[in-house]
>>> print(open('model-v8.cif').read())   # mmCIF, C-alpha atoms and all ligand atoms
data_final
#
loop_
_atom_site.label_atom_id
_atom_site.label_comp_id
_atom_site.auth_asym_id
_atom_site.auth_seq_id
_atom_site.Cartn_x
_atom_site.Cartn_y
_atom_site.Cartn_z
CA MET N 1 15.85 -12.56 -44.22
CA THR N 2 16.87 -8.94 -43.88
CA ILE N 3 14.69 -6.23 -45.27
CA GLU N 4 15.80 -2.73 -46.26
CA LYS N 5 12.77 -0.52 -45.98
CA LYS N 6 11.98 3.01 -45.02
CA VAL N 7 10.26 3.21 -41.67
CA ARG N 8 8.24 6.20 -40.58
CA ALA N 9 7.81 7.15 -36.93
CA TYR N 10 5.72 10.07 -35.72
CA THR N 11 6.80 12.44 -32.97
CA ASN N 12 4.96 12.54 -29.69
CA ILE N 13 4.31 15.32 -27.21
CA ALA N 14 4.23 14.41 -23.54
CA LEU N 15 1.19 15.46 -21.51
CA ILE N 16 2.85 13.94 -18.43
CA LYS N 17 6.54 14.70 -18.86
CA TYR N 18 9.67 12.61 -18.67
CA TRP N 19 12.36 14.83 -17.17
CA GLY N 20 15.16 12.85 -15.57
CA LYS N 21 16.99 9.55 -15.67
CA ARG N 22 17.75 7.14 -12.86
CA ASP N 23 20.20 5.29 -15.12
CA GLU N 24 21.84 7.40 -17.82
CA ALA N 25 23.46 4.59 -19.79
CA ALA N 26 20.30 2.49 -20.07
CA ILE N 27 18.01 5.57 -20.24
CA LEU N 28 15.78 4.47 -17.39
CA PRO N 29 13.53 7.33 -16.28
CA THR N 30 12.86 8.61 -12.76
CA SER N 31 9.10 8.56 -13.47
CA SER N 32 6.55 7.21 -15.92
CA SER N 33 5.19 9.54 -18.61
CA LEU N 34 2.31 9.79 -21.08
CA SER N 35 2.12 11.32 -24.53
CA LEU N 36 0.05 12.00 -27.62
CA THR N 37 1.54 10.87 -30.94
CA LEU N 38 1.20 13.55 -33.67
CA ASP N 39 0.63 12.88 -37.34
CA ALA N 40 1.96 16.24 -38.56
CA PHE N 41 5.62 15.64 -37.59
CA TYR N 42 7.64 12.54 -38.36
CA THR N 43 10.93 10.97 -39.42
CA GLU N 44 11.59 8.47 -42.22
CA THR N 45 14.69 6.32 -41.94
CA SER N 46 16.20 3.39 -43.83
CA VAL N 47 19.10 1.17 -42.75
CA ALA N 48 21.08 -1.10 -45.09
CA PHE N 49 23.99 -3.29 -44.08
CA LYS N 50 26.39 -3.09 -47.01
CA GLU N 51 29.60 -4.91 -47.86
CA ASP N 52 30.69 -2.16 -50.27
CA ILE N 53 31.21 0.59 -47.66
CA THR N 54 34.00 0.72 -45.10
CA GLN N 55 32.23 2.32 -42.13
CA ASP N 56 28.81 3.35 -40.87
CA THR N 57 27.60 6.26 -42.99
CA PHE N 58 24.76 8.51 -41.83
CA TYR N 59 22.86 11.00 -43.98
CA LEU N 60 20.33 13.29 -42.28
CA ASN N 61 18.15 15.38 -44.58
CA GLY N 62 20.51 14.54 -47.46
CA VAL N 63 23.59 15.81 -45.61
CA LEU N 64 26.47 13.49 -44.70
CA GLN N 65 26.81 13.72 -40.90
CA ASN N 66 30.02 14.29 -38.97
CA GLU N 67 31.79 11.76 -36.80
CA ALA N 68 30.01 12.67 -33.56
CA ALA N 69 26.51 12.33 -35.04
CA THR N 70 27.46 9.12 -36.84
CA GLN N 71 28.96 7.64 -33.68
CA LYS N 72 25.68 8.23 -31.85
CA VAL N 73 23.89 6.19 -34.50
CA SER N 74 26.59 3.49 -34.51
CA ARG N 75 26.33 3.16 -30.74
CA PHE N 76 22.61 2.65 -31.11
CA LEU N 77 23.00 0.09 -33.92
CA LYS N 78 25.20 -1.98 -31.58
CA LEU N 79 21.98 -3.04 -29.87
CA PHE N 80 20.94 -4.77 -33.10
CA ARG N 81 24.42 -5.98 -34.06
CA GLU N 82 25.16 -7.78 -30.80
CA PRO N 83 22.30 -10.30 -30.87
CA THR N 84 22.58 -10.91 -34.64
CA GLY N 85 26.37 -10.91 -35.07
CA ILE N 86 26.16 -8.44 -37.96
CA GLN N 87 29.48 -6.63 -38.42
CA THR N 88 28.87 -5.19 -41.86
CA PRO N 89 28.89 -1.35 -42.06
CA ALA N 90 25.51 0.33 -42.30
CA LEU N 91 24.22 3.03 -44.61
CA ILE N 92 21.61 5.07 -42.74
CA LYS N 93 19.47 7.61 -44.52
CA SER N 94 17.04 9.70 -42.52
CA THR N 95 14.73 12.61 -43.23
CA ASN N 96 13.17 14.68 -40.48
CA PHE N 97 9.78 16.13 -41.33
CA VAL N 98 10.18 18.05 -38.07
CA PRO N 99 12.78 20.66 -37.08
CA THR N 100 15.84 18.93 -35.57
CA ALA N 101 16.73 19.56 -31.90
CA ALA N 102 14.27 22.44 -31.50
CA GLY N 103 12.02 21.08 -28.78
CA LEU N 104 9.63 19.48 -31.26
CA ALA N 105 10.65 15.92 -30.35
CA SER N 106 12.92 15.03 -33.28
CA SER N 107 14.80 12.63 -31.00
CA ALA N 108 11.54 10.73 -30.42
CA SER N 109 10.61 10.24 -34.08
CA GLY N 110 14.28 10.03 -35.13
CA MET N 111 15.28 7.25 -32.77
CA ALA N 112 11.99 5.36 -33.12
CA ALA N 113 12.33 5.37 -36.93
CA LEU N 114 15.96 4.26 -36.66
CA ALA N 115 14.94 1.45 -34.29
CA GLY N 116 12.18 0.35 -36.67
CA ALA N 117 14.48 0.36 -39.70
CA ALA N 118 17.32 -1.41 -37.85
CA ASN N 119 14.83 -4.01 -36.62
CA LEU N 120 13.97 -4.91 -40.22
CA ALA N 121 17.47 -4.60 -41.70
CA SER N 122 19.06 -6.74 -38.99
CA GLY N 123 16.39 -9.39 -39.26
CA LEU N 124 15.95 -9.23 -35.49
CA ASN N 125 12.23 -8.58 -35.98
CA LEU N 126 11.42 -7.71 -32.40
CA PRO N 127 7.77 -7.29 -31.46
CA ASP N 128 6.66 -3.69 -30.71
CA GLN N 129 6.92 -3.86 -26.93
CA GLU N 130 10.52 -5.04 -27.00
CA LEU N 131 11.30 -2.67 -29.84
CA SER N 132 10.15 0.19 -27.63
CA THR N 133 12.81 -0.79 -25.03
CA TYR N 134 15.38 -0.59 -27.85
CA ALA N 135 14.11 2.80 -29.07
CA ARG N 136 14.41 3.97 -25.44
CA ARG N 137 18.17 3.38 -25.56
CA GLY N 138 18.37 5.99 -28.35
CA SER N 139 16.21 8.64 -26.66
CA GLY N 140 13.75 8.27 -23.79
CA SER N 141 10.88 9.95 -25.61
CA ALA N 142 11.38 7.56 -28.57
CA THR N 143 10.08 4.74 -26.36
CA ARG N 144 6.58 6.17 -26.84
CA SER N 145 6.79 6.84 -30.61
CA ILE N 146 6.44 3.13 -31.42
CA TYR N 147 2.70 3.51 -30.86
CA GLY N 148 -0.06 5.89 -31.92
CA GLY N 149 -2.61 7.84 -29.90
CA PHE N 150 -2.16 8.23 -26.13
CA VAL N 151 0.83 6.21 -24.98
CA GLU N 152 2.23 5.54 -21.53
CA TRP N 153 5.92 4.87 -20.95
CA GLN N 154 6.04 2.75 -17.83
CA MET N 155 9.25 3.50 -15.91
CA GLY N 156 9.59 -0.20 -15.04
CA THR N 157 12.07 -1.84 -12.71
CA SER N 158 14.79 -2.72 -15.25
CA SER N 159 15.83 -2.25 -18.87
CA GLU N 160 13.54 -5.11 -19.92
CA ASP N 161 10.30 -3.75 -18.47
CA SER N 162 10.73 -0.01 -19.10
CA TYR N 163 8.60 0.17 -22.25
CA ALA N 164 5.63 1.92 -23.80
CA VAL N 165 2.02 0.77 -23.73
CA PRO N 166 -0.68 2.19 -26.03
CA ILE N 167 -3.61 3.22 -23.86
CA ASP N 168 -6.15 4.97 -26.13
CA ASP N 169 -6.39 5.77 -29.85
CA ALA N 170 -7.26 9.45 -29.13
CA ASN N 171 -9.91 9.36 -31.82
CA TRP N 172 -12.41 11.36 -29.80
CA ASP N 173 -12.03 14.83 -31.24
CA ILE N 174 -8.49 15.38 -29.95
CA GLY N 175 -6.08 17.69 -31.76
CA MET N 176 -2.99 19.78 -31.15
CA LEU N 177 -1.98 23.16 -32.51
CA VAL N 178 1.80 23.45 -32.58
CA VAL N 179 2.99 27.05 -32.32
CA VAL N 180 6.52 27.19 -33.70
CA VAL N 181 7.93 30.15 -31.81
CA ASN N 182 11.48 29.35 -32.93
CA SER N 183 12.68 26.31 -34.89
CA ARG N 184 16.41 26.81 -34.44
CA GLN N 185 18.52 24.30 -32.57
CA LYS N 186 18.39 24.72 -28.80
CA GLU N 187 21.47 25.57 -26.76
CA VAL N 188 20.91 22.99 -24.03
CA SER N 189 19.88 19.51 -25.19
CA SER N 190 17.10 17.66 -23.35
CA ARG N 191 19.72 15.20 -22.17
CA ASP N 192 21.94 17.83 -20.53
CA GLY N 193 19.01 19.89 -19.26
CA MET N 194 17.37 17.03 -17.40
CA LYS N 195 20.67 15.79 -15.97
CA ASN N 196 21.43 19.16 -14.46
CA THR N 197 17.88 19.44 -13.11
CA VAL N 198 18.02 16.03 -11.39
CA GLU N 199 21.40 16.86 -9.87
CA THR N 200 20.74 20.38 -8.63
CA SER N 201 17.05 21.35 -8.42
CA PRO N 202 15.67 21.40 -4.86
CA PHE N 203 12.18 21.09 -6.40
CA TYR N 204 12.89 17.70 -7.90
CA ALA N 205 11.48 15.59 -5.04
CA GLY N 206 8.22 17.56 -5.23
CA TRP N 207 8.08 16.99 -8.98
CA LEU N 208 8.41 13.22 -8.61
CA GLU N 209 5.65 13.08 -6.02
CA SER N 210 3.34 15.28 -8.04
CA THR N 211 3.88 13.76 -11.49
CA ALA N 212 3.07 10.26 -10.18
CA LYS N 213 -0.33 11.59 -9.03
CA ASP N 214 -0.90 13.45 -12.31
CA LEU N 215 -0.33 10.24 -14.26
CA ILE N 216 -2.96 8.33 -12.28
CA GLU N 217 -5.47 11.17 -12.69
CA ILE N 218 -4.88 11.74 -16.42
CA LYS N 219 -5.32 8.03 -17.18
CA LYS N 220 -8.71 8.12 -15.44
CA ALA N 221 -9.65 11.26 -17.40
CA ILE N 222 -8.57 9.68 -20.71
CA HIS N 223 -10.59 6.57 -20.02
CA SER N 224 -13.70 8.63 -19.30
CA HIS N 225 -13.00 10.98 -22.26
CA ASP N 226 -13.00 13.95 -19.87
CA PHE N 227 -11.24 16.47 -22.13
CA GLN N 228 -11.24 19.33 -19.63
CA LYS N 229 -9.57 17.20 -16.98
CA VAL N 230 -6.99 15.87 -19.46
CA GLY N 231 -6.19 19.46 -20.46
CA GLU N 232 -5.98 20.82 -16.92
CA ILE N 233 -3.60 18.06 -15.81
CA THR N 234 -1.50 18.51 -18.98
CA GLU N 235 -1.07 22.24 -18.45
CA SER N 236 -0.26 21.83 -14.77
CA ASN N 237 2.23 19.00 -15.31
CA GLY N 238 4.15 20.90 -17.99
CA MET N 239 4.44 24.00 -15.80
CA LYS N 240 5.71 21.93 -12.89
CA MET N 241 8.41 20.42 -15.11
CA HIS N 242 9.54 23.91 -16.13
CA GLY N 243 9.46 24.86 -12.43
CA THR N 244 12.03 22.16 -11.66
CA MET N 245 14.32 23.66 -14.34
CA LEU N 246 14.03 27.17 -12.89
CA GLY N 247 15.25 25.69 -9.61
CA ALA N 248 18.32 24.10 -11.20
CA ASN N 249 21.84 25.52 -10.82
CA PRO N 250 22.52 27.22 -13.17
CA PRO N 251 18.80 27.95 -13.72
CA LEU N 252 17.41 26.65 -17.00
CA SER N 253 14.60 28.14 -19.04
CA TYR N 254 13.62 27.30 -22.62
CA TRP N 255 10.98 30.03 -22.83
CA GLU N 256 11.08 32.99 -25.19
CA PRO N 257 8.88 36.11 -25.06
CA TYR N 258 6.53 34.71 -27.70
CA SER N 259 6.16 31.47 -25.73
CA VAL N 260 4.53 33.58 -23.01
CA VAL N 261 2.39 35.39 -25.59
CA ALA N 262 1.09 32.00 -26.79
CA MET N 263 0.35 30.84 -23.25
CA GLN N 264 -1.58 34.06 -22.53
CA LEU N 265 -3.65 33.58 -25.66
CA VAL N 266 -4.59 30.06 -24.58
CA ARG N 267 -5.80 31.45 -21.23
CA GLN N 268 -7.75 34.17 -23.05
CA LEU N 269 -9.42 31.63 -25.37
CA ARG N 270 -10.48 29.60 -22.34
CA LYS N 271 -12.04 32.73 -20.84
CA GLU N 272 -14.05 33.02 -24.04
CA GLY N 273 -15.31 29.48 -23.58
CA ILE N 274 -13.00 27.59 -25.97
CA PRO N 275 -11.42 24.64 -24.14
CA CYS N 276 -7.67 24.51 -24.87
CA TYR N 277 -4.57 23.91 -22.79
CA PHE N 278 -0.85 24.43 -23.40
CA THR N 279 2.26 22.42 -22.79
CA MET N 280 5.92 23.09 -23.56
CA ASP N 281 8.98 20.88 -23.82
CA ALA N 282 12.71 21.56 -23.89
CA GLY N 283 12.37 24.42 -26.36
CA PRO N 284 10.44 27.68 -26.85
CA ASN N 285 7.58 26.15 -28.87
CA VAL N 286 4.08 25.91 -27.45
CA LYS N 287 1.72 22.99 -28.06
CA VAL N 288 -1.97 23.60 -27.59
CA LEU N 289 -4.13 20.59 -26.78
CA CYS N 290 -7.62 21.19 -28.13
CA ARG N 291 -10.70 19.68 -29.66
CA LEU N 292 -9.86 18.83 -33.27
CA SER N 293 -13.18 20.46 -34.20
CA ASP N 294 -12.02 23.75 -32.56
CA SER N 295 -8.51 23.66 -34.04
CA GLU N 296 -9.10 25.86 -37.09
CA LYS N 297 -10.91 28.47 -34.98
CA ILE N 298 -8.02 28.47 -32.50
CA LYS N 299 -5.48 28.64 -35.30
CA ALA N 300 -7.26 31.69 -36.73
CA ARG N 301 -6.89 33.49 -33.39
CA PHE N 302 -3.20 32.63 -33.22
CA ALA N 303 -2.82 33.88 -36.78
CA GLU N 304 -3.59 37.39 -35.47
CA VAL N 305 -0.22 37.25 -33.65
CA PHE N 306 1.87 34.59 -35.45
CA ARG N 307 2.64 33.93 -39.12
CA THR N 308 0.58 31.06 -40.55
CA GLU N 309 3.79 29.08 -41.26
CA GLN N 310 4.35 29.05 -37.50
CA LEU N 311 1.00 27.35 -36.87
CA ILE N 312 0.53 23.64 -37.52
CA VAL N 313 -2.62 21.75 -36.63
CA SER N 314 -2.10 18.06 -35.96
CA ARG N 315 -4.33 15.05 -35.53
CA PRO N 316 -3.34 12.09 -33.39
CA GLY N 317 -0.69 10.05 -35.19
CA LYS N 318 -0.26 6.33 -35.74
CA GLY N 319 2.42 3.93 -34.58
CA LEU N 320 5.46 2.89 -36.65
CA GLN N 321 4.76 2.60 -40.37
CA ILE N 322 6.74 0.52 -42.84
CA MET N 323 6.76 2.44 -46.13
CA SER N 324 6.62 0.85 -49.54
CA ASN N 325 9.94 1.55 -51.31
P1 LIG X 1 14.35 17.40 -29.74
O1 LIG X 1 13.60 18.43 -28.97
O2 LIG X 1 14.32 17.68 -31.21
O3 LIG X 1 13.93 15.99 -29.40
P2 LIG X 1 16.82 16.64 -28.39
O4 LIG X 1 17.87 17.51 -27.77
O5 LIG X 1 16.05 15.78 -27.49
O6 LIG X 1 15.88 17.58 -29.27
O7 LIG X 1 17.47 15.65 -29.45
C1 LIG X 1 18.10 16.05 -30.63
C2 LIG X 1 18.99 14.93 -31.08
O8 LIG X 1 18.21 13.81 -31.54
C3 LIG X 1 19.87 15.24 -32.26
O9 LIG X 1 21.01 15.95 -31.87
C4 LIG X 1 20.20 13.85 -32.78
O10 LIG X 1 21.22 13.26 -31.99
C5 LIG X 1 18.93 13.09 -32.52
N1 LIG X 1 18.14 12.99 -33.76
C6 LIG X 1 17.26 13.89 -34.26
N2 LIG X 1 16.75 13.46 -35.43
C7 LIG X 1 17.33 12.26 -35.70
C8 LIG X 1 17.23 11.33 -36.78
N3 LIG X 1 16.41 11.52 -37.80
N4 LIG X 1 17.99 10.19 -36.71
C9 LIG X 1 18.81 9.97 -35.66
N5 LIG X 1 18.94 10.82 -34.61
C10 LIG X 1 18.22 11.95 -34.62
C1 LIG X 2 10.74 17.71 -22.24
O1 LIG X 2 13.68 12.03 -24.83
O2 LIG X 2 14.63 14.15 -25.79
O3 LIG X 2 10.35 16.46 -24.22
O4 LIG X 2 16.20 10.63 -23.35
O5 LIG X 2 18.02 12.31 -23.17
O6 LIG X 2 17.15 11.65 -25.42
P1 LIG X 2 16.84 11.86 -23.96
O7 LIG X 2 15.79 13.06 -23.88
P2 LIG X 2 14.39 13.30 -24.62
O8 LIG X 2 13.63 14.16 -23.50
C2 LIG X 2 12.32 14.60 -23.67
C3 LIG X 2 11.96 15.61 -22.66
C4 LIG X 2 10.63 16.31 -22.86
C5 LIG X 2 9.50 15.59 -22.15
C6 LIG X 2 9.00 14.31 -22.78
O9 LIG X 2 9.04 14.15 -24.00
O10 LIG X 2 8.49 13.47 -22.01
CO CO X 3 14.15 14.98 -27.62
#
>>> encode(input="model-v8.cif", output="structure tokens")
Amino acid sequence: MTIEKKVRAYTNIALIKYWGKRDEAAILPTSSSLSLTLDAFYTETSVAFKEDITQDTFYLNGVLQNEAATQKVSRFLKLFREPTGIQTPALIKSTNFVPTAAGLASSASGMAALAGAANLASGLNLPDQELSTYARRGSGSATRSIYGGFVEWQMGTSSEDSYAVPIDDANWDIGMLVVVVNSRQKEVSSRDGMKNTVETSPFYAGWLESTAKDLIEIKKAIHSHDFQKVGEITESNGMKMHGTMLGANPPLSYWEPYSVVAMQLVRQLRKEGIPCYFTMDAGPNVKVLCRLSDSEKIKARFAEVFRTEQLIVSRPGKGLQIMSN
């Protein structure tokens, strides 16, 4: 039985970053990572195998996509076609409720939603853990978007055991303020940025050593609900990742002036006794980890500098959701 349904996947923001592959084809990472799934940003995707179309057809946000974008999706769908023998063309419709390719993790929600929809449409019906290894083949960060709350992506030893594991529901007054400094498409994709960093940054060995320790420490802090410790490790780990990029040749930086303004404001709020910590990904936007109960107060302070449309408060998100048609 094949089912054509819309599947929703939420984005996730890494607190312990993934920044480098040891196998580019299989998307095996150089280190394990850990994220928080967000309920404010997501993708909804449906896949239908149809006899009445002649080739794979991909609509994103209602717009028919070009050959390159469609090929990326077709390559991914191969994973589901091979074990099932399905050769019929697919109609893929996706909507991003998150800016695309702006450093707000659209590849995570996008590829996780596509994996979820293809899993149903192909009738493969993989369980979540295996599905996360499939999502990984679309985009590394998508591995983690199969689950909600705090999620670890274990680097594993092979393609079969490099998957995500949910570690905590994050329902202990955890929130995130997303400061959208700029939502336009970035010039250097995460994929290219991390490749260049692995190949040329002299800081990379130090990063690998340090991020392994950060992961052990943050898991302890999550288990004991030590928010301050979780925040301190998050902020430090993110900065170290950006440090590796600055050391790359050519040097890479995703920051913009207002990214720095946002970081300074987080430090100022901490001085005033409000616990909050920032992290940034491959883009200029700043994510502020905070107590959900402090999030409106923090947002109000950011609203003195940023437009309210640039400020989105998010709760922890859930894992994959199958939507009723
Ligand atoms: P981001 O910071 O948004 O994750 P990336 O550079 O990692 O940026 O990835 C952007 C790429 O993710 C897009 O170019 C596209 O290939 C893919 N992507 C984004 N949204 C979707 C979607 N809804 N369905 C399929 N692929 C998507
Ligand atoms: C900085 O998962 O987008 O957001 O695997 O090449 O698709 P590909 O890259 P992607 O990289 C995410 C990088 C990051 C950190 C993280 O999410 O862990
Ligand atoms: Co991405």
>>> residues_near_ligand(input="model-v8.cif", ligand="ligand LIG 2 (chain X)", cutoff="8 Å", atoms="only C-alpha atoms and all ligand atoms", output="PyMOL selection string")
chain N and resi 12-19+21+27+33-35+103-108+136-142+189-192+194+241+280-282
>>> atom_distance(input="model-v8.cif", atom1="CA of Pro316 (chain N)", atom2="CA of Ile298 (chain N)")
17.1 Å
>>> residues_around(input="model-v8.cif", residues="Asp214 (chain N)", least_positions_apart="5", cutoff="9 Å", atoms="all atoms listed in the file", output="ChimeraX atom specification")
/N:16,219,233-234,236-237
>>> residues_around(input="model-v8.cif", residues="Asp39 (chain N)", least_positions_apart="2", cutoff="8 Å", atoms="all atoms listed in the file", output="PDB file with C-alpha atoms, in the coordinates of the input")
ATOM      1  CA  TYR N  10       5.720  10.070 -35.720  1.00  0.00           C
ATOM      2  CA  THR N  11       6.800  12.440 -32.970  1.00  0.00           C
ATOM      3  CA  THR N  37       1.540  10.870 -30.940  1.00  0.00           C
ATOM      4  CA  PHE N  41       5.620  15.640 -37.590  1.00  0.00           C
ATOM      5  CA  TYR N  42       7.640  12.540 -38.360  1.00  0.00           C
ATOM      6  CA  SER N 314      -2.100  18.060 -35.960  1.00  0.00           C
ATOM      7  CA  ARG N 315      -4.330  15.050 -35.530  1.00  0.00           C
ATOM      8  CA  PRO N 316      -3.340  12.090 -33.390  1.00  0.00           C
ATOM      9  CA  GLY N 317      -0.690  10.050 -35.190  1.00  0.00           C
ATOM     10  CA  LYS N 318      -0.260   6.330 -35.740  1.00  0.00           C
TER      11      LYS N 318
END
>>> atom_distance(input="model-v8.cif", atom1="CA of Cys276 (chain N)", atom2="CA of Ser224 (chain N)")
17.9 Å
>>> residues_around(input="model-v8.cif", residues="Ser295 (chain N)", least_positions_apart="6", cutoff="7 Å", atoms="all atoms listed in the file", output="list of chain:residue names")
N:Gly175, N:Leu177, N:Val313
>>> closest_residue(input="model-v8.cif", among="N:Pro127, N:Pro99, N:Gly116, N:Gly148", to="ligand CO 3 (chain X)", atoms="only C-alpha atoms and all ligand atoms")
N:Pro99
>>> residues_near_point(input="model-v8.cif", point="(15.6, -0.6, -10.9)", cutoff="10 Å", atoms="all atoms listed in the file", output="ChimeraX atom specification")
/N:22-23,28-30,155-159,161-162
>>> atom_distance(input="model-v8.cif", atom1="CA of Trp255 (chain N)", atom2="CA of Ile312 (chain N)")
19.1 Å
>>> closest_residue(input="model-v8.cif", among="N:Val179, N:Gln129, N:Tyr277, N:Ile322", to="Tyr258 (chain N)", atoms="only C-alpha atoms")
N:Val179
>>> closest_residue(input="model-v8.cif", among="N:Arg301, N:Arg307, N:Lys229, N:Arg184", to="ligand LIG 1 (chain X)", atoms="all atoms listed in the file")
N:Arg184
>>> decode(input="model-v8.cif", residues="region 24-54 of chain N", atoms="C-alpha atoms", output="tab-separated table (two decimals), in the first residue's frame")
chain	number	residue	atom	x	y	z
N	24	GLU	CA	30.87	13.32	1.04
N	25	ALA	CA	28.80	10.88	-1.01
N	26	ALA	CA	27.25	9.13	1.99
N	27	ILE	CA	27.19	12.34	4.11
N	28	LEU	CA	29.04	10.82	7.04
N	29	PRO	CA	30.15	13.54	9.46
N	30	THR	CA	33.57	14.08	11.04
N	31	SER	CA	31.92	14.46	14.46
N	32	SER	CA	28.65	13.86	16.28
N	33	SER	CA	26.31	16.81	16.83
N	34	LEU	CA	23.30	17.80	18.94
N	35	SER	CA	20.35	20.04	18.18
N	36	LEU	CA	17.08	21.52	19.33
N	37	THR	CA	14.09	21.03	17.02
N	38	LEU	CA	12.05	24.25	16.58
N	39	ASP	CA	8.30	24.43	16.14
N	40	ALA	CA	8.26	27.86	14.49
N	41	PHE	CA	9.98	26.79	11.24
N	42	TYR	CA	9.08	23.79	9.13
N	43	THR	CA	8.58	22.25	5.70
N	44	GLU	CA	5.55	20.36	4.34
N	45	THR	CA	6.12	17.98	1.46
N	46	SER	CA	4.08	15.42	-0.46
N	47	VAL	CA	5.34	12.81	-2.93
N	48	ALA	CA	3.14	10.96	-5.43
N	49	PHE	CA	4.35	8.39	-7.93
N	50	LYS	CA	2.25	9.04	-11.03
N	51	GLU	CA	1.87	7.20	-14.32
N	52	ASP	CA	0.52	10.32	-16.06
N	53	ILE	CA	3.73	12.40	-15.90
N	54	THR	CA	6.88	11.77	-17.91
